[in-house]
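Student: Quick one: this structure, given as structure tokens, is what I'll be asking you about.
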Amino acid sequence: MTYQDLEKLVKKYNPEADFKKLEAAFNFAEKAHQDQKRLSGEPYFNHSLATAMTLAELKMDEPTIIAGLLHDVPEDTSFTLEEIKKEFGEEVARLVEGITKLGRLKYRGVTRYLENLRKMFLAMAEDIRVIFIKFADRLHNLKTLSALPEEKRKRIALETIEIYAPIANRLGMGEIKGQLEDLAFEHLYPDEYQWLIKNVSHRTQEFEKYLDKVKKIVSGELEKEKIKIISIGGRTKHLYSLYQKLKQYEMDITKIYDLVALRIVVPSVPDCYTILGLLHKKWKPLKGRIKDYIAQPKPNGYQSLQTTVFCSDGRIVEFQIRTKEMHDHAEFGLAAHWYYHETDREKIKSSASGLAWLKELARLQKEIKDDKKYLETLKIDIFQNRIFVFTPKGDAIDLPEDSTPVDFAYAIHTDLGDKCSGAKINDKMESLDTKLKSGDLCEIIIDKNRKGPNHDWLDFVKTSLAKNHIKASSKK
Ligand code: MN
């Protein structure tokens, strides 16, 4: 890999970038690390460049890529953050500082885990781009893990699966999550990994061949209907997620229908629905497996139409149909948002306001000093499944599973929570402890004369936000 490779990659999506500056950063980092080697024996700078290349693949902005090149400079070389600031400016220096702060950890066990999470969330709340750099850094470290002693390998792999992957998932970065998990899987559970490779790969290959035939049939049909195809191809399930799924099915591989799915990317949303119709006309769909994540996106923003059909020769095949923008979001989540929505960037960067849960976590982590309690809160607030509940105006409110109308009310506004006296869910009056489901439309009925929340609500509310408000108000 050379500077030219990096420049070529960046030019593809950002021809306006300051390439002089990029090259200067490349040379600066190369020089700073010149006497260092990785444990594998290769020059240290290879790691810096690989990190920057991954960020360029994610279509990150120029300061992020430069910070990727420089991310290990203050920690591992004689060059300082001050020098970076002088050469490359305040913004780059702040990103590099964010990464450096995430650096070394002194703690072990649960404390270490928590300390790690805390640092991640703080860094994210300050500037989400720090986490993108950390993901790119971790991906390359995982690829070169073999050079490390076993204990260290296992620790890094475990940390990846417990901390990095769930955060990537929460940010909607499916492809990054998959890569992180698969790379860690091999080191964390080597026996299971080998078993999977041995028992699955021939099956996958055979299935891919079959899908090639299906692909030709589908392409032909779409051509007849004059629907433009951006891409069509097999998507093989990531190994670690396949392993998780197999555990639910007694390791019986024949029960997994989405081992390989056929993914169709087209220009527009109407195209997506047209294709779904065409597929169902040609092949009978399996009951209960048609999913419209375009009309109702998953909580992490994922959008796609999915259906599973009795396909050619009676075999069961899953299809995923989406637009290019949905595709990039599904693979790269918030990072893709970065690229697509110029105006959102500043917003996300400065306050992470696109991510209410993130702001909330940063606040919590300052408030809660008790480790055990903090861990409980985290488990509920991020690592649990989330649901989307709609306001009468159509805004989607992102909540943890099993949330109630009271949680919903507090998520919108403190006052709405405090004065809440009833709830209509999908136009029907329901009690305040009803568990909401994704896609529900919820309307809060308020009592203007109400003095404050009911202390008994603490028995059923789910979010720490609602709990805190109720407790605070009953103290008064
Ligand atoms: Mn690094």
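Just so we're on the same page: first chain in the structure tokens is A, next is B, and so on; residues restart at 1 for each chain, and ligands are numbered from 1 in the order they show up.
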Can you tell me, as a ChimeraX atom specification, what residues are no more than 6 Å from A:Gln320 when counting only C-alpha atoms, ignoring any on the same chain fewer than 5 positions away?

Tutor: /A:263,305-306

Student: Residues of the last selection are to be written out with N, CA and C atoms, as an mmCIF file, in the first residue's frame.

Tutor:
```cif
data_model
loop_
_atom_site.group_PDB
_atom_site.id
_atom_site.type_symbol
_atom_site.label_atom_id
_atom_site.label_comp_id
_atom_site.auth_asym_id
_atom_site.auth_seq_id
_atom_site.Cartn_x
_atom_site.Cartn_y
_atom_site.Cartn_z
ATOM 1 N N ARG A 263 -29.402 -10.250 -2.696
ATOM 2 C CA ARG A 263 -29.643 -8.848 -2.401
ATOM 3 C C ARG A 263 -29.759 -8.052 -3.700
ATOM 4 N N LEU A 305 -36.664 -4.244 2.076
ATOM 5 C CA LEU A 305 -37.778 -5.183 2.030
ATOM 6 C C LEU A 305 -37.162 -6.568 2.088
ATOM 7 N N GLN A 306 -37.754 -7.447 2.875
ATOM 8 C CA GLN A 306 -37.237 -8.815 2.933
ATOM 9 C C GLN A 306 -38.368 -9.790 2.717
#
```

Student: Please return as a short mmCIF file (atom, residue, chain, number, x, y, z; two decimals) with all heavy atoms, in the first residue's frame the residues found within 10 Å of ligand 1, counting only C-alpha atoms and all ligand atoms.

Tutor:
```cif
data_model
loop_
_atom_site.label_atom_id
_atom_site.label_comp_id
_atom_site.auth_asym_id
_atom_site.auth_seq_id
_atom_site.Cartn_x
_atom_site.Cartn_y
_atom_site.Cartn_z
N TYR A 44 5.61 -0.33 11.56
CA TYR A 44 4.45 0.11 12.33
C TYR A 44 3.49 0.93 11.48
O TYR A 44 2.27 0.84 11.60
CB TYR A 44 4.88 0.95 13.55
CG TYR A 44 3.74 1.13 14.51
CD1 TYR A 44 3.59 0.27 15.58
CD2 TYR A 44 2.77 2.11 14.30
CE1 TYR A 44 2.52 0.38 16.44
CE2 TYR A 44 1.69 2.24 15.14
CZ TYR A 44 1.57 1.38 16.22
OH TYR A 44 0.49 1.49 17.05
N PHE A 45 4.06 1.73 10.58
CA PHE A 45 3.25 2.64 9.77
C PHE A 45 2.18 1.91 8.94
O PHE A 45 1.13 2.47 8.62
CB PHE A 45 4.14 3.50 8.87
CG PHE A 45 3.37 4.42 7.98
CD1 PHE A 45 2.64 5.48 8.50
CD2 PHE A 45 3.35 4.22 6.61
CE1 PHE A 45 1.91 6.33 7.68
CE2 PHE A 45 2.62 5.06 5.77
CZ PHE A 45 1.90 6.11 6.30
N HIS A 47 0.16 -0.13 9.91
CA HIS A 47 -1.07 -0.11 10.72
C HIS A 47 -1.78 1.25 10.58
O HIS A 47 -3.01 1.30 10.42
CB HIS A 47 -0.72 -0.40 12.18
CG HIS A 47 -1.83 -0.08 13.14
ND1 HIS A 47 -2.98 -0.82 13.20
CD2 HIS A 47 -1.97 0.91 14.07
CE1 HIS A 47 -3.78 -0.31 14.13
NE2 HIS A 47 -3.19 0.75 14.67
N SER A 48 -1.02 2.33 10.61
CA SER A 48 -1.62 3.66 10.47
C SER A 48 -2.29 3.81 9.12
O SER A 48 -3.41 4.33 9.01
CB SER A 48 -0.53 4.74 10.61
OG SER A 48 0.35 4.43 11.65
N LEU A 49 -1.61 3.33 8.09
CA LEU A 49 -2.15 3.44 6.74
C LEU A 49 -3.40 2.57 6.57
O LEU A 49 -4.40 3.01 6.00
CB LEU A 49 -1.08 3.06 5.71
CG LEU A 49 -1.49 3.18 4.24
CD1 LEU A 49 -2.04 4.57 3.92
CD2 LEU A 49 -0.31 2.87 3.31
N ALA A 50 -3.36 1.35 7.11
CA ALA A 50 -4.52 0.46 7.01
C ALA A 50 -5.73 1.11 7.69
O ALA A 50 -6.86 1.03 7.19
CB ALA A 50 -4.22 -0.89 7.65
N THR A 51 -5.50 1.76 8.82
CA THR A 51 -6.59 2.44 9.53
C THR A 51 -7.18 3.55 8.66
O THR A 51 -8.41 3.65 8.51
CB THR A 51 -6.05 3.03 10.86
OG1 THR A 51 -5.46 1.97 11.62
CG2 THR A 51 -7.16 3.68 11.67
N GLY A 68 -6.76 9.41 11.33
CA GLY A 68 -6.50 7.96 11.26
C GLY A 68 -5.03 7.67 11.01
O GLY A 68 -4.44 6.79 11.63
N LEU A 69 -4.43 8.44 10.11
CA LEU A 69 -2.99 8.28 9.83
C LEU A 69 -2.15 8.57 11.07
O LEU A 69 -1.14 7.94 11.32
CB LEU A 69 -2.56 9.23 8.70
CG LEU A 69 -2.94 8.83 7.27
CD1 LEU A 69 -2.71 10.01 6.33
CD2 LEU A 69 -2.15 7.62 6.81
N LEU A 70 -2.60 9.57 11.84
CA LEU A 70 -1.79 10.06 12.97
C LEU A 70 -2.20 9.47 14.31
O LEU A 70 -1.62 9.82 15.34
CB LEU A 70 -1.93 11.59 13.05
CG LEU A 70 -1.50 12.39 11.81
CD1 LEU A 70 -1.92 13.85 11.95
CD2 LEU A 70 0.01 12.30 11.60
N HIS A 71 -3.17 8.54 14.32
CA HIS A 71 -3.81 8.20 15.60
C HIS A 71 -2.88 7.63 16.67
O HIS A 71 -3.14 7.78 17.85
CB HIS A 71 -5.02 7.28 15.38
CG HIS A 71 -4.68 5.84 15.16
ND1 HIS A 71 -4.39 5.32 13.93
CD2 HIS A 71 -4.56 4.81 16.03
CE1 HIS A 71 -4.14 4.03 14.04
NE2 HIS A 71 -4.22 3.69 15.31
N ASP A 72 -1.77 6.99 16.28
CA ASP A 72 -0.87 6.43 17.29
C ASP A 72 0.38 7.28 17.51
O ASP A 72 1.27 6.88 18.26
CB ASP A 72 -0.45 5.00 16.90
CG ASP A 72 -1.52 3.98 17.26
OD1 ASP A 72 -2.22 4.20 18.27
OD2 ASP A 72 -1.66 2.98 16.52
N VAL A 73 0.44 8.45 16.88
CA VAL A 73 1.66 9.26 16.98
C VAL A 73 1.95 9.76 18.40
O VAL A 73 3.02 9.49 18.93
CB VAL A 73 1.64 10.42 15.95
CG1 VAL A 73 2.70 11.46 16.26
CG2 VAL A 73 1.84 9.87 14.54
N GLU A 75 0.95 8.72 21.29
CA GLU A 75 1.09 7.63 22.24
C GLU A 75 2.41 6.89 22.07
O GLU A 75 3.07 6.52 23.02
CB GLU A 75 -0.09 6.65 22.02
CG GLU A 75 -0.05 5.43 22.88
CD GLU A 75 -0.98 5.54 24.07
OE1 GLU A 75 -1.87 6.41 24.04
OE2 GLU A 75 -0.79 4.78 25.02
N ASP A 76 2.82 6.68 20.83
CA ASP A 76 3.92 5.75 20.57
C ASP A 76 5.20 6.37 20.01
O ASP A 76 6.17 5.66 19.76
CB ASP A 76 3.46 4.67 19.57
CG ASP A 76 2.40 3.77 20.16
OD1 ASP A 76 2.33 3.71 21.40
OD2 ASP A 76 1.64 3.16 19.40
N ILE A 99 -8.73 9.73 20.48
CA ILE A 99 -8.26 8.35 20.34
C ILE A 99 -7.22 8.02 21.41
O ILE A 99 -7.24 6.94 22.00
CB ILE A 99 -7.61 8.15 18.94
CG1 ILE A 99 -8.70 8.12 17.89
CG2 ILE A 99 -6.80 6.89 18.87
CD1 ILE A 99 -9.55 6.89 17.94
N THR A 100 -6.32 8.96 21.65
CA THR A 100 -5.27 8.72 22.63
C THR A 100 -5.87 8.52 24.01
O THR A 100 -5.45 7.64 24.77
CB THR A 100 -4.27 9.91 22.65
OG1 THR A 100 -3.90 10.18 21.30
CG2 THR A 100 -3.04 9.57 23.45
N GLY A 103 -7.00 5.23 24.73
CA GLY A 103 -5.87 4.30 24.72
C GLY A 103 -5.74 3.29 25.83
O GLY A 103 -6.49 2.33 25.91
N ILE A 133 -12.81 6.04 13.98
CA ILE A 133 -11.36 5.79 13.90
C ILE A 133 -11.00 4.57 14.75
O ILE A 133 -10.23 3.71 14.35
CB ILE A 133 -10.56 7.02 14.38
CG1 ILE A 133 -10.91 8.25 13.53
CG2 ILE A 133 -9.05 6.75 14.31
CD1 ILE A 133 -10.31 9.55 14.02
N LYS A 134 -11.64 4.48 15.92
CA LYS A 134 -11.37 3.35 16.81
C LYS A 134 -11.78 2.02 16.15
O LYS A 134 -11.08 1.02 16.29
CB LYS A 134 -12.13 3.57 18.12
CG LYS A 134 -11.66 2.76 19.29
CD LYS A 134 -10.26 3.12 19.72
CE LYS A 134 -9.63 1.96 20.50
NZ LYS A 134 -8.19 2.11 20.66
N PHE A 135 -12.90 2.02 15.45
CA PHE A 135 -13.31 0.80 14.75
C PHE A 135 -12.28 0.40 13.69
O PHE A 135 -11.90 -0.77 13.57
CB PHE A 135 -14.67 0.99 14.06
CG PHE A 135 -15.85 0.99 14.99
CD1 PHE A 135 -16.99 1.70 14.66
CD2 PHE A 135 -15.82 0.29 16.18
CE1 PHE A 135 -18.09 1.71 15.51
CE2 PHE A 135 -16.92 0.29 17.04
CZ PHE A 135 -18.06 1.01 16.70
N ALA A 136 -11.82 1.39 12.92
CA ALA A 136 -10.85 1.11 11.86
C ALA A 136 -9.55 0.59 12.46
O ALA A 136 -8.94 -0.37 11.95
CB ALA A 136 -10.59 2.37 11.04
N ASP A 137 -9.13 1.20 13.56
CA ASP A 137 -7.92 0.79 14.28
C ASP A 137 -8.07 -0.65 14.78
O ASP A 137 -7.20 -1.50 14.58
CB ASP A 137 -7.76 1.78 15.46
CG ASP A 137 -6.70 1.37 16.46
OD1 ASP A 137 -5.54 1.19 16.03
OD2 ASP A 137 -7.01 1.26 17.66
N ARG A 138 -9.22 -0.94 15.39
CA ARG A 138 -9.45 -2.27 15.95
C ARG A 138 -9.52 -3.33 14.86
O ARG A 138 -9.01 -4.43 15.02
CB ARG A 138 -10.74 -2.24 16.79
CG ARG A 138 -11.17 -3.56 17.40
CD ARG A 138 -10.10 -4.25 18.21
NE ARG A 138 -9.57 -3.52 19.35
CZ ARG A 138 -9.87 -3.77 20.62
NH1 ARG A 138 -10.73 -4.70 20.92
NH2 ARG A 138 -9.31 -3.08 21.59
N LEU A 139 -10.12 -3.00 13.72
CA LEU A 139 -10.22 -3.97 12.62
C LEU A 139 -8.83 -4.41 12.19
O LEU A 139 -8.57 -5.60 12.01
CB LEU A 139 -10.97 -3.37 11.42
CG LEU A 139 -12.49 -3.40 11.52
CD1 LEU A 139 -13.10 -2.63 10.35
CD2 LEU A 139 -13.02 -4.84 11.51
N HIS A 140 -7.92 -3.45 12.04
CA HIS A 140 -6.57 -3.85 11.62
C HIS A 140 -5.84 -4.61 12.71
O HIS A 140 -5.14 -5.58 12.44
CB HIS A 140 -5.74 -2.65 11.14
CG HIS A 140 -4.41 -3.08 10.57
ND1 HIS A 140 -3.24 -2.92 11.27
CD2 HIS A 140 -4.09 -3.71 9.41
CE1 HIS A 140 -2.24 -3.43 10.54
NE2 HIS A 140 -2.74 -3.90 9.41
N ASN A 141 -6.01 -4.19 13.96
CA ASN A 141 -5.39 -4.94 15.06
C ASN A 141 -5.87 -6.38 15.09
O ASN A 141 -5.10 -7.31 15.33
CB ASN A 141 -5.69 -4.28 16.41
CG ASN A 141 -4.83 -3.04 16.63
OD1 ASN A 141 -3.77 -2.90 16.01
ND2 ASN A 141 -5.28 -2.14 17.48
#
```

Student: Which is closer to A:Ile275 than all the others in A:Met326, A:Leu188, A:Ile321, A:Leu81, using only C-alpha atoms?

Tutor: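 Result for the nearest residue to A:Ile275: A:Ile321.
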
Student: For A:Tyr240, which of A:Ala165, A:Ile264, A:Val309, A:Asp292 is the closest residue, counting only C-alpha atoms?

Tutor: A:Ala165

Student: For a test of reading the model, state the distance in Å between atom CA of A:Lys437 and atom CA of A:Ile290, rounded to one decimal.

Tutor: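 Going from atom CA of A:Lys437 over to atom CA of A:Ile290, I get 18.3 Å.
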
Student: Taking only C-alpha atoms into account, which of A:Leu158, A:Val265, A:Cys311, A:Ile397 comes nearest A:Lys281?

Tutor: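 Answer, going by the shortest atom-to-atom distance: A:Cys311.
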
Student: Hey, what does DSSP flag as strand (DSSP E or B) within stretch 94-332 of chain A? Can you give it to me as a PyMOL selection string?

Tutor: chain A and resi 231-236+260-266+285+291-292+305-310+316-323

Student: Between atom CA of A:Asp427 and atom CA of A:Ile445, what is the spacing in Å?

Tutor: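 Spanning atom CA of A:Ile445 to atom CA of A:Asp427 is a straight-line distance of 11.7 Å.
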
Student: Using only C-alpha atoms, determine which residues lie at most 10 Å from stretch 446-456 of chain A, disregarding the query and same-chain residues fewer than 6 positions distant; provide the list as number ranges by chain.

Tutor: A: 406, 409, 415-423, 466-467, 469-474, 476

Student: Residues near A:Ala25, anyone? I mean within 8 Å using only C-alpha atoms, not counting same-chain ones fewer than 3 positions away, as a PyMOL selection string.

Tutor: chain A and resi 21-22+28-29+66+69-70+88

Student: For the selection you just gave me, I'd like the residues written to a file as a compact mmCIF listing (two decimals), in the first residue's frame, keeping N, CA and C atoms.

Tutor:
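This is the output file part-v7.txt:
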```
# COMPACT_ATOMS: atom_id res chain seq x y z
N LYS A 21 -2.38 18.30 1.96
CA LYS A 21 -2.42 18.10 3.41
C LYS A 21 -2.44 16.60 3.74
N LEU A 22 -3.21 15.86 2.94
CA LEU A 22 -3.29 14.41 3.16
C LEU A 22 -1.92 13.77 2.99
N PHE A 28 4.27 12.65 7.50
CA PHE A 28 4.50 12.93 8.92
C PHE A 28 4.41 11.63 9.73
N ALA A 29 3.33 10.89 9.51
CA ALA A 29 3.12 9.65 10.28
C ALA A 29 4.19 8.62 9.95
N ILE A 66 -7.07 11.96 8.11
CA ILE A 66 -5.76 12.44 8.59
C ILE A 66 -5.53 11.99 10.03
N LEU A 69 -4.43 8.44 10.11
CA LEU A 69 -2.99 8.28 9.83
C LEU A 69 -2.15 8.57 11.07
N LEU A 70 -2.60 9.57 11.84
CA LEU A 70 -1.79 10.06 12.97
C LEU A 70 -2.20 9.47 14.31
N PHE A 88 -1.46 20.33 11.46
CA PHE A 88 -2.72 19.91 10.83
C PHE A 88 -3.97 20.54 11.42
```

Student: Please compute the atom CA of A:Leu399-atom CA of A:Ile387 distance, one decimal, in Å.

Tutor: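 According to the coordinates, atom CA of A:Leu399 and atom CA of A:Ile387 are separated by 5.3 Å.
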
Student: Write out as a PyMOL selection string which residues come within 10 Å of A:Arg203 when counting only C-alpha atoms, dropping same-chain ones fewer than 3 positions away.

Tutor: chain A and resi 198-200+206-208+253-254+259-260
